[in-house]
Each structure stands twice: as structure tokens, then as C-alpha cells.
>>> print(open('upload.cif').read())   # mmCIF, C-alpha atoms and all ligand atoms
data_final
loop_
_atom_site.group_PDB
_atom_site.id
_atom_site.type_symbol
_atom_site.label_atom_id
_atom_site.label_comp_id
_atom_site.auth_asym_id
_atom_site.auth_seq_id
_atom_site.Cartn_x
_atom_site.Cartn_y
_atom_site.Cartn_z
ATOM 1 C CA MET A 1 2.148 -18.496 7.186
ATOM 2 C CA ALA A 2 -0.855 -18.061 4.911
ATOM 3 C CA LEU A 3 -1.816 -16.411 1.652
ATOM 4 C CA LEU A 4 -4.589 -13.879 2.259
ATOM 5 C CA PRO A 5 -7.240 -12.909 -0.315
ATOM 6 C CA ILE A 6 -6.680 -9.365 -1.670
ATOM 7 C CA LEU A 7 -9.808 -7.178 -1.832
ATOM 8 C CA VAL A 8 -10.589 -5.621 -5.205
ATOM 9 C CA ALA A 9 -12.244 -2.200 -5.555
ATOM 10 C CA PRO A 10 -14.954 -1.162 -5.068
ATOM 11 C CA ASN A 11 -15.021 -2.592 -1.524
ATOM 12 C CA PRO A 12 -16.132 -0.481 1.476
ATOM 13 C CA ILE A 13 -13.186 -1.710 3.623
ATOM 14 C CA LEU A 14 -10.788 0.034 1.205
ATOM 15 C CA LYS A 15 -12.512 3.378 1.956
ATOM 16 C CA LYS A 16 -12.372 3.115 5.798
ATOM 17 C CA VAL A 17 -9.770 4.819 8.022
ATOM 18 C CA ALA A 18 -7.833 1.966 9.677
ATOM 19 C CA LYS A 19 -7.417 1.756 13.472
ATOM 20 C CA PRO A 20 -4.013 2.233 15.187
ATOM 21 C CA VAL A 21 -2.348 -0.866 16.632
ATOM 22 C CA THR A 22 -2.261 -0.582 20.442
ATOM 23 C CA THR A 23 -0.072 -3.636 21.218
ATOM 24 C CA VAL A 24 2.523 -5.220 18.957
ATOM 25 C CA ASP A 25 1.956 -8.887 19.775
ATOM 26 C CA ASP A 26 2.255 -12.300 18.063
ATOM 27 C CA GLU A 27 -1.090 -11.734 16.281
ATOM 28 C CA ILE A 28 0.251 -8.564 14.625
ATOM 29 C CA ARG A 29 3.581 -10.281 13.814
ATOM 30 C CA ALA A 30 1.667 -13.185 12.176
ATOM 31 C CA LEU A 31 -0.431 -10.684 10.181
ATOM 32 C CA LEU A 32 2.775 -8.962 8.971
ATOM 33 C CA ASP A 33 4.254 -12.333 7.897
ATOM 34 C CA ASP A 34 1.056 -13.357 6.080
ATOM 35 C CA MET A 35 0.905 -9.957 4.353
ATOM 36 C CA LEU A 36 4.512 -10.262 3.157
ATOM 37 C CA GLU A 37 3.866 -13.762 1.788
ATOM 38 C CA THR A 38 0.717 -12.456 0.049
ATOM 39 C CA MET A 39 2.594 -9.427 -1.375
ATOM 40 C CA TYR A 40 5.443 -11.542 -2.792
ATOM 41 C CA ALA A 41 2.951 -14.024 -4.306
ATOM 42 C CA ALA A 42 0.806 -11.319 -5.981
ATOM 43 C CA PRO A 43 3.469 -10.072 -6.935
ATOM 44 C CA GLY A 44 3.665 -6.569 -5.512
ATOM 45 C CA ILE A 45 6.061 -4.158 -3.841
ATOM 46 C CA GLY A 46 3.700 -3.087 -1.059
ATOM 47 C CA LEU A 47 0.539 -4.162 0.743
ATOM 48 C CA ALA A 48 -1.593 -2.486 3.409
ATOM 49 C CA ALA A 49 -3.728 -4.420 5.924
ATOM 50 C CA PRO A 50 -7.088 -3.011 4.640
ATOM 51 C CA GLN A 51 -6.310 -4.644 1.274
ATOM 52 C CA VAL A 52 -6.570 -8.035 3.013
ATOM 53 C CA GLY A 53 -9.711 -6.980 4.905
ATOM 54 C CA VAL A 54 -7.978 -5.999 8.170
ATOM 55 C CA SER A 55 -8.695 -2.396 9.154
ATOM 56 C CA LYS A 56 -5.479 -1.879 11.169
ATOM 57 C CA ARG A 57 -2.592 0.565 10.569
ATOM 58 C CA VAL A 58 -0.114 -2.033 9.338
ATOM 59 C CA LEU A 59 1.748 -2.273 6.018
ATOM 60 C CA VAL A 60 4.582 -4.158 4.353
ATOM 61 C CA LEU A 61 6.966 -3.136 1.566
ATOM 62 C CA ASP A 62 9.837 -4.569 -0.421
ATOM 63 C CA ILE A 63 11.146 -2.572 -3.373
ATOM 64 C CA SER A 64 14.314 -4.650 -3.842
ATOM 65 C CA PRO A 65 14.871 -5.920 -7.435
ATOM 66 C CA VAL A 66 13.793 -9.559 -8.011
ATOM 67 C CA ASP A 67 17.387 -10.674 -8.679
ATOM 68 C CA ARG A 68 18.610 -9.381 -5.285
ATOM 69 C CA ASP A 69 18.109 -10.538 -1.698
ATOM 70 C CA PRO A 70 14.685 -9.546 -0.299
ATOM 71 C CA GLU A 71 14.576 -6.423 1.904
ATOM 72 C CA PRO A 72 11.190 -6.652 3.623
ATOM 73 C CA LEU A 73 9.934 -3.734 5.698
ATOM 74 C CA LYS A 74 7.239 -4.298 8.335
ATOM 75 C CA ILE A 75 5.601 -1.047 9.381
ATOM 76 C CA ILE A 76 3.078 -0.351 12.147
ATOM 77 C CA ASN A 77 1.256 2.958 12.863
ATOM 78 C CA PRO A 78 3.222 4.997 10.280
ATOM 79 C CA GLU A 79 3.019 8.783 10.299
ATOM 80 C CA ILE A 80 4.452 11.115 7.676
ATOM 81 C CA ILE A 81 6.460 13.692 9.622
ATOM 82 C CA THR A 82 7.993 15.676 6.740
ATOM 83 C CA LYS A 83 7.282 15.907 2.997
ATOM 84 C CA SER A 84 9.444 17.586 0.340
ATOM 85 C CA ASP A 85 8.029 20.556 -1.575
ATOM 86 C CA GLU A 86 9.343 18.932 -4.722
ATOM 87 C CA ILE A 87 6.725 16.778 -6.462
ATOM 88 C CA LYS A 88 7.262 13.930 -8.898
ATOM 89 C CA VAL A 89 5.001 11.864 -11.088
ATOM 90 C CA TYR A 90 5.055 8.051 -11.066
ATOM 91 C CA GLU A 91 2.854 5.606 -12.924
ATOM 92 C CA GLU A 92 1.282 3.675 -10.024
ATOM 93 C CA GLY A 93 -0.431 0.324 -9.889
ATOM 94 C CA CYS A 94 -2.431 -1.228 -7.057
ATOM 95 C CA LEU A 95 -3.177 -4.852 -6.229
ATOM 96 C CA SER A 96 -6.763 -3.803 -5.395
ATOM 97 C CA PHE A 97 -7.116 -2.377 -8.957
ATOM 98 C CA PRO A 98 -5.743 -5.283 -11.044
ATOM 99 C CA ASP A 99 -4.143 -4.288 -14.375
ATOM 100 C CA GLN A 100 -4.917 -0.567 -13.898
ATOM 101 C CA PHE A 101 -2.132 2.038 -13.941
ATOM 102 C CA ALA A 102 -2.150 5.836 -13.785
ATOM 103 C CA ASP A 103 0.198 8.767 -13.227
ATOM 104 C CA VAL A 104 0.033 10.140 -9.668
ATOM 105 C CA LYS A 105 1.842 13.248 -8.340
ATOM 106 C CA ARG A 106 3.339 12.969 -4.842
ATOM 107 C CA PRO A 107 6.102 14.630 -2.780
ATOM 108 C CA THR A 108 9.497 13.329 -3.960
ATOM 109 C CA GLU A 109 10.785 12.622 -0.417
ATOM 110 C CA VAL A 110 9.144 11.872 2.935
ATOM 111 C CA SER A 111 10.214 11.088 6.495
ATOM 112 C CA VAL A 112 8.027 8.553 8.263
ATOM 113 C CA SER A 113 7.882 7.515 11.911
ATOM 114 C CA TYR A 114 6.558 4.046 12.703
ATOM 115 C CA MET A 115 6.864 1.055 15.028
ATOM 116 C CA ASP A 116 8.758 -2.057 13.971
ATOM 117 C CA GLU A 117 7.655 -5.619 14.735
ATOM 118 C CA GLN A 118 9.317 -5.430 18.161
ATOM 119 C CA GLY A 119 7.230 -2.343 19.013
ATOM 120 C CA GLU A 120 10.322 -0.083 18.799
ATOM 121 C CA LYS A 121 9.868 3.420 17.399
ATOM 122 C CA GLN A 122 11.764 4.024 14.136
ATOM 123 C CA VAL A 123 12.120 6.882 11.657
ATOM 124 C CA MET A 124 12.896 6.388 7.964
ATOM 125 C CA HIS A 125 13.717 8.816 5.224
ATOM 126 C CA ALA A 126 12.448 7.705 1.822
ATOM 127 C CA ASP A 127 13.042 8.878 -1.725
ATOM 128 C CA GLY A 128 12.570 7.316 -5.166
ATOM 129 C CA LEU A 129 10.267 4.306 -5.448
ATOM 130 C CA LEU A 130 10.299 3.725 -1.666
ATOM 131 C CA SER A 131 8.841 7.207 -1.131
ATOM 132 C CA THR A 132 6.102 6.649 -3.741
ATOM 133 C CA CYS A 133 5.261 3.216 -2.391
ATOM 134 C CA ILE A 134 5.112 4.146 1.305
ATOM 135 C CA GLN A 135 2.885 7.160 0.549
ATOM 136 C CA HIS A 136 0.588 4.899 -1.522
ATOM 137 C CA GLU A 137 0.394 2.366 1.347
ATOM 138 C CA ILE A 138 -0.186 5.007 4.052
ATOM 139 C CA ASP A 139 -3.029 6.326 1.873
ATOM 140 C CA HIS A 140 -4.617 2.856 2.057
ATOM 141 C CA LEU A 141 -4.614 3.172 5.876
ATOM 142 C CA ASN A 142 -6.535 6.437 5.492
ATOM 143 C CA GLY A 143 -9.118 5.003 3.075
ATOM 144 C CA ILE A 144 -7.503 6.748 0.102
ATOM 145 C CA VAL A 145 -6.758 4.866 -3.128
ATOM 146 C CA PHE A 146 -4.607 6.069 -6.040
ATOM 147 C CA VAL A 147 -7.597 6.680 -8.329
ATOM 148 C CA ASP A 148 -8.785 9.355 -5.838
ATOM 149 C CA TYR A 149 -5.995 11.572 -7.279
ATOM 150 C CA LEU A 150 -7.296 11.250 -10.853
ATOM 151 C CA SER A 151 -9.912 13.275 -12.714
ATOM 152 C CA SER A 152 -13.444 11.920 -12.309
ATOM 153 C CA ILE A 153 -13.392 10.902 -15.998
ATOM 154 C CA LYS A 154 -10.217 8.805 -15.607
ATOM 155 C CA ARG A 155 -11.478 7.341 -12.301
ATOM 156 C CA SER A 156 -14.832 6.345 -13.842
ATOM 157 C CA MET A 157 -13.054 4.704 -16.783
ATOM 158 C CA ILE A 158 -10.936 2.601 -14.424
ATOM 159 C CA MET A 159 -13.928 1.649 -12.253
ATOM 160 C CA ARG A 160 -15.919 0.671 -15.361
ATOM 161 C CA LYS A 161 -13.061 -1.548 -16.592
ATOM 162 C CA LEU A 162 -12.738 -3.197 -13.157
ATOM 163 C CA LYS A 163 -16.477 -3.928 -12.932
ATOM 164 C CA LYS A 164 -16.455 -5.378 -16.482
ATOM 165 C CA GLN A 165 -13.521 -7.634 -15.558
ATOM 166 C CA GLN A 166 -15.226 -8.755 -12.331
ATOM 167 C CA LYS A 167 -18.361 -9.753 -14.315
ATOM 168 C CA LEU A 168 -16.187 -11.806 -16.720
ATOM 169 C CA ASP A 169 -14.480 -13.502 -13.736
ATOM 170 C CA GLU A 170 -17.849 -14.487 -12.106
HETATM 171 O O1 LIG A 201 -0.699 -1.158 -2.586
HETATM 172 C C1 LIG A 201 -0.632 -1.971 -3.488
HETATM 173 O O2 LIG A 201 -1.630 -2.366 -4.043
HETATM 174 C C2 LIG A 201 0.699 -2.490 -3.957
HETATM 175 C C3 LIG A 201 1.270 -1.725 -5.134
HETATM 176 C C4 LIG A 201 2.292 -0.750 -4.605
HETATM 177 C C5 LIG A 201 2.687 0.368 -5.520
HETATM 178 C C6 LIG A 201 3.170 0.139 -6.783
HETATM 179 C C7 LIG A 201 3.572 1.197 -7.596
HETATM 180 C C8 LIG A 201 3.487 2.474 -7.115
HETATM 181 C C9 LIG A 201 2.997 2.702 -5.868
HETATM 182 C C10 LIG A 201 2.611 1.649 -5.049
HETATM 183 C C11 LIG A 201 1.913 -2.742 -6.076
HETATM 184 O O3 LIG A 201 2.803 -3.420 -5.704
HETATM 185 S S1 LIG A 201 1.307 -2.818 -7.690
HETATM 186 C C12 LIG A 201 2.395 -4.020 -8.453
HETATM 187 C C13 LIG A 201 3.742 -3.467 -8.794
HETATM 188 O O4 LIG A 201 3.923 -2.276 -8.836
HETATM 189 C C14 LIG A 201 4.862 -4.383 -9.082
HETATM 190 C C15 LIG A 201 4.699 -5.744 -9.139
HETATM 191 C C16 LIG A 201 5.788 -6.569 -9.404
HETATM 192 C C17 LIG A 201 7.022 -6.039 -9.631
HETATM 193 C C18 LIG A 201 7.207 -4.684 -9.600
HETATM 194 C C19 LIG A 201 6.125 -3.843 -9.315
HETATM 195 ZN ZN ZN A 202 -2.604 -0.044 -3.498
#
>>> encode(input="upload.cif", output="C-alpha cells")
Amino acid sequence: MALLPILVAPNPILKKVAKPVTTVDDEIRALLDDMLETMYAAPGIGLAAPQVGVSKRVLVLDISPVDRDPEPLKIINPEIITKSDEIKVYEEGCLSFPDQFADVKRPTEVSVSYMDEQGEKQVMHADGLLSTCIQHEIDHLNGIVFVDYLSSIKRSMIMRKLKKQQKLDE
């Protein structure tokens, strides 16, 4: 297993539409394991492959509380098949936008089809934080980041803060 570097915005890979996985093989399973290790170390509750520079439709999640057993989810080629009409607001963060948070409106519940690490088709129904997180991660696979939902003023403020921080880190 390996810790992978997480890309920070602005980075063109974060704006690309990721490619579907055609074969679930050991390379994809190793990527999923490395992504989970990277997510736990960050720490985060989700991570999409483009965030580690891999433009493939792969993501990992674990929303279990820190004092409980881990409940990792490894998700390949996810597709949202139903969305609730009800919308909720959640203050989101993103590992590619360190220390930046903003309210984002999304459907309260979604159903998602995907392949697991054995290449078996699965369907999950998600509500609460799992719903927010999986929608956020699927957005990453489509080149969409949470600041895309904000007003241009709020987005510019966040991008300015990130660039300032990156200069200080250089
Ligand atoms: O995609 C990412 O960058 C991961 C992101 C997922 C996410 C968080 C909140 C709402 C939607 C999607 C994160 O994990 S940010 C870090 C975070 O939220 C967190 C970190 C440690 C403990 C609990 C939460
Ligand atoms: Zn993110």
C-alpha cells in the first residue's frame, strides 16, 4: 500500500471528466487500497481518483465515526440512478481545497449503481452524510468541484485564499 499525493486546486486534472474502468483487475484493486490509505491519512471521508492524479471513475468513502470500526466503500463506475426532489444544505470541505468550507445544496437522497472490487454490479441507497459525500465524489469524476456551486464572488475568494496559501508553502 502507498500514500498518494493529493492534488490541490487549481489543477487541470480536477476539471477533466474521468474515464470509465473497463476491467476490474489487480491494478484497480491496488489503486482502491492506496486511495483508502490516503483518505484515512488525510484525514477525509471520501476521495476520488482524479484527486490523486488518476483520471478513472473510481472513488472511496468511509463516513463511519472515528471511534467505530471502519466501513470502507470501494466504488467503480458509479451512476446516480435516482435523486430525491428534497434538497438539503451541508457545509462541505474538500481535500483538494485545504481548509476551505462552504454550504452546498444537493438532493437529500440518491440511489447509485456501481461495480464493487470484484466487478459485481451493486446498487446503494444513500441519505444523510453518505448521500452528500457520494454526490461530492461523483462530481469529482465529472470534473466538478464543490466551489462550482458557489457564487463567483465566493468562488474567487476561496481560490484567492488557496493561491495565497500555496505561495506561503513554496
Ligand atoms: O472529496 C474530498 O475531497 C473528500 C471530502 C469529502 C466530503 C466532505 C464533506 C462533505 C462532502 C464531501 C472530505 O473528506 S473533506 C474532510 C472532512 O470532511 C472530514 C475529515 C475528517 C473527519 C471528518 C470529516
Ligand atoms: Zn472533494
>>> resolve_selection(input="upload.cif", expression="the PyMOL selection byres (((chain A and resi 119) around 10) and not hetatm)", output="MDAnalysis selection string")
chainID A and resid 21:25 75:76 114:118 120:122
>>> write_last_selection(input="upload.cif", atoms="C-alpha atoms", output="PDB file, in the coordinates of the input")
ATOM      1  CA  VAL A  21      -2.348  -0.866  16.632  1.00  0.00           C
ATOM      2  CA  THR A  22      -2.261  -0.582  20.442  1.00  0.00           C
ATOM      3  CA  THR A  23      -0.072  -3.636  21.218  1.00  0.00           C
ATOM      4  CA  VAL A  24       2.523  -5.220  18.957  1.00  0.00           C
ATOM      5  CA  ASP A  25       1.956  -8.887  19.775  1.00  0.00           C
ATOM      6  CA  ILE A  75       5.601  -1.047   9.381  1.00  0.00           C
ATOM      7  CA  ILE A  76       3.078  -0.351  12.147  1.00  0.00           C
ATOM      8  CA  TYR A 114       6.558   4.046  12.703  1.00  0.00           C
ATOM      9  CA  MET A 115       6.864   1.055  15.028  1.00  0.00           C
ATOM     10  CA  ASP A 116       8.758  -2.057  13.971  1.00  0.00           C
ATOM     11  CA  GLU A 117       7.655  -5.619  14.735  1.00  0.00           C
ATOM     12  CA  GLN A 118       9.317  -5.430  18.161  1.00  0.00           C
ATOM     13  CA  GLU A 120      10.322  -0.083  18.799  1.00  0.00           C
ATOM     14  CA  LYS A 121       9.868   3.420  17.399  1.00  0.00           C
ATOM     15  CA  GLN A 122      11.764   4.024  14.136  1.00  0.00           C
TER      16      GLN A 122
END
>>> residues_near_ligand(input="upload.cif", ligand="ligand LIG 201 (chain A)", cutoff="8 Å", atoms="all atoms listed in the file", output="list of chain:residue names")
A:Met39, A:Ala42, A:Pro43, A:Gly44, A:Ile45, A:Gly46, A:Leu47, A:Ala48, A:Gln51, A:Ile63, A:Val66, A:Tyr90, A:Glu91, A:Glu92, A:Gly93, A:Cys94, A:Leu95, A:Ser96, A:Phe97, A:Leu129, A:Thr132, A:Cys133, A:Ile134, A:Gln135, A:His136, A:Glu137, A:His140
>>> write_last_selection(input="upload.cif", atoms="C-alpha atoms", output="tab-separated table (two decimals), keeping the file's coordinate frame")
chain	number	residue	atom	x	y	z
A	39	MET	CA	2.59	-9.43	-1.38
A	42	ALA	CA	0.81	-11.32	-5.98
A	43	PRO	CA	3.47	-10.07	-6.94
A	44	GLY	CA	3.66	-6.57	-5.51
A	45	ILE	CA	6.06	-4.16	-3.84
A	46	GLY	CA	3.70	-3.09	-1.06
A	47	LEU	CA	0.54	-4.16	0.74
A	48	ALA	CA	-1.59	-2.49	3.41
A	51	GLN	CA	-6.31	-4.64	1.27
A	63	ILE	CA	11.15	-2.57	-3.37
A	66	VAL	CA	13.79	-9.56	-8.01
A	90	TYR	CA	5.06	8.05	-11.07
A	91	GLU	CA	2.85	5.61	-12.92
A	92	GLU	CA	1.28	3.68	-10.02
A	93	GLY	CA	-0.43	0.32	-9.89
A	94	CYS	CA	-2.43	-1.23	-7.06
A	95	LEU	CA	-3.18	-4.85	-6.23
A	96	SER	CA	-6.76	-3.80	-5.40
A	97	PHE	CA	-7.12	-2.38	-8.96
A	129	LEU	CA	10.27	4.31	-5.45
A	132	THR	CA	6.10	6.65	-3.74
A	133	CYS	CA	5.26	3.22	-2.39
A	134	ILE	CA	5.11	4.15	1.30
A	135	GLN	CA	2.88	7.16	0.55
A	136	HIS	CA	0.59	4.90	-1.52
A	137	GLU	CA	0.39	2.37	1.35
A	140	HIS	CA	-4.62	2.86	2.06
>>> resolve_selection(input="upload.cif", expression="the PyMOL selection byres (((chain A and resi 159) around 12) and not hetatm)", output="list in words")
Val8, Ala9, Pro10, Asn11, Ser96, Phe97, Pro98, Asp99, Gln100, Phe101, Val147, Asp148, Leu150, Ser152, Ile153, Lys154, Arg155, Ser156, Met157, Ile158, Arg160, Lys161, Leu162, Lys163, Lys164, Gln165 and Gln166 of chain A
>>> write_last_selection(input="upload.cif", atoms="C-alpha atoms", output="PDB file, keeping the file's coordinate frame")
ATOM      1  CA  VAL A   8     -10.589  -5.621  -5.205  1.00  0.00           C
ATOM      2  CA  ALA A   9     -12.244  -2.200  -5.555  1.00  0.00           C
ATOM      3  CA  PRO A  10     -14.954  -1.162  -5.068  1.00  0.00           C
ATOM      4  CA  ASN A  11     -15.021  -2.592  -1.524  1.00  0.00           C
ATOM      5  CA  SER A  96      -6.763  -3.803  -5.395  1.00  0.00           C
ATOM      6  CA  PHE A  97      -7.116  -2.377  -8.957  1.00  0.00           C
ATOM      7  CA  PRO A  98      -5.743  -5.283 -11.044  1.00  0.00           C
ATOM      8  CA  ASP A  99      -4.143  -4.288 -14.375  1.00  0.00           C
ATOM      9  CA  GLN A 100      -4.917  -0.567 -13.898  1.00  0.00           C
ATOM     10  CA  PHE A 101      -2.132   2.038 -13.941  1.00  0.00           C
ATOM     11  CA  VAL A 147      -7.597   6.680  -8.329  1.00  0.00           C
ATOM     12  CA  ASP A 148      -8.785   9.355  -5.838  1.00  0.00           C
ATOM     13  CA  LEU A 150      -7.296  11.250 -10.853  1.00  0.00           C
ATOM     14  CA  SER A 152     -13.444  11.920 -12.309  1.00  0.00           C
ATOM     15  CA  ILE A 153     -13.392  10.902 -15.998  1.00  0.00           C
ATOM     16  CA  LYS A 154     -10.217   8.805 -15.607  1.00  0.00           C
ATOM     17  CA  ARG A 155     -11.478   7.341 -12.301  1.00  0.00           C
ATOM     18  CA  SER A 156     -14.832   6.345 -13.842  1.00  0.00           C
ATOM     19  CA  MET A 157     -13.054   4.704 -16.783  1.00  0.00           C
ATOM     20  CA  ILE A 158     -10.936   2.601 -14.424  1.00  0.00           C
ATOM     21  CA  ARG A 160     -15.919   0.671 -15.361  1.00  0.00           C
ATOM     22  CA  LYS A 161     -13.061  -1.548 -16.592  1.00  0.00           C
ATOM     23  CA  LEU A 162     -12.738  -3.197 -13.157  1.00  0.00           C
ATOM     24  CA  LYS A 163     -16.477  -3.928 -12.932  1.00  0.00           C
ATOM     25  CA  LYS A 164     -16.455  -5.378 -16.482  1.00  0.00           C
ATOM     26  CA  GLN A 165     -13.521  -7.634 -15.558  1.00  0.00           C
ATOM     27  CA  GLN A 166     -15.226  -8.755 -12.331  1.00  0.00           C
TER      28      GLN A 166
END
>>> atom_distance(input="upload.cif", atom1="atom CA of A:Ile80", atom2="atom CA of A:Ala102")
23.1 Å
>>> atom_distance(input="upload.cif", atom1="atom CA of A:Met124", atom2="atom CA of A:Ala2")
28.2 Å
>>> residues_around(input="upload.cif", residues="stretch 71-74 of chain A", least_positions_apart="2", cutoff="9 Å", atoms="only C-alpha atoms", output="ChimeraX atom specification")
/A:29,32-33,36,58-64,68-69,76,115-117
>>> closest_residue(input="upload.cif", among="A:Ser111, A:Thr82, A:Asn77, A:Asn142", to="ligand ZN 202 (chain A)", atoms="all atoms listed in the file")
A:Asn142
>>> atom_distance(input="upload.cif", atom1="atom CA of A:Asp127", atom2="atom CA of A:Val110")
6.8 Å
>>> resolve_selection(input="upload.cif", expression="the PyMOL selection byres (((chain A and resi 16) around 9) and not hetatm)", output="ChimeraX atom specification")
/A:12-15,17-18,50,55,140-144
>>> closest_residue(input="upload.cif", among="A:Ile138, A:Glu109, A:Ala30, A:Leu168", to="A:Leu4", atoms="all atoms listed in the file")
A:Ala30
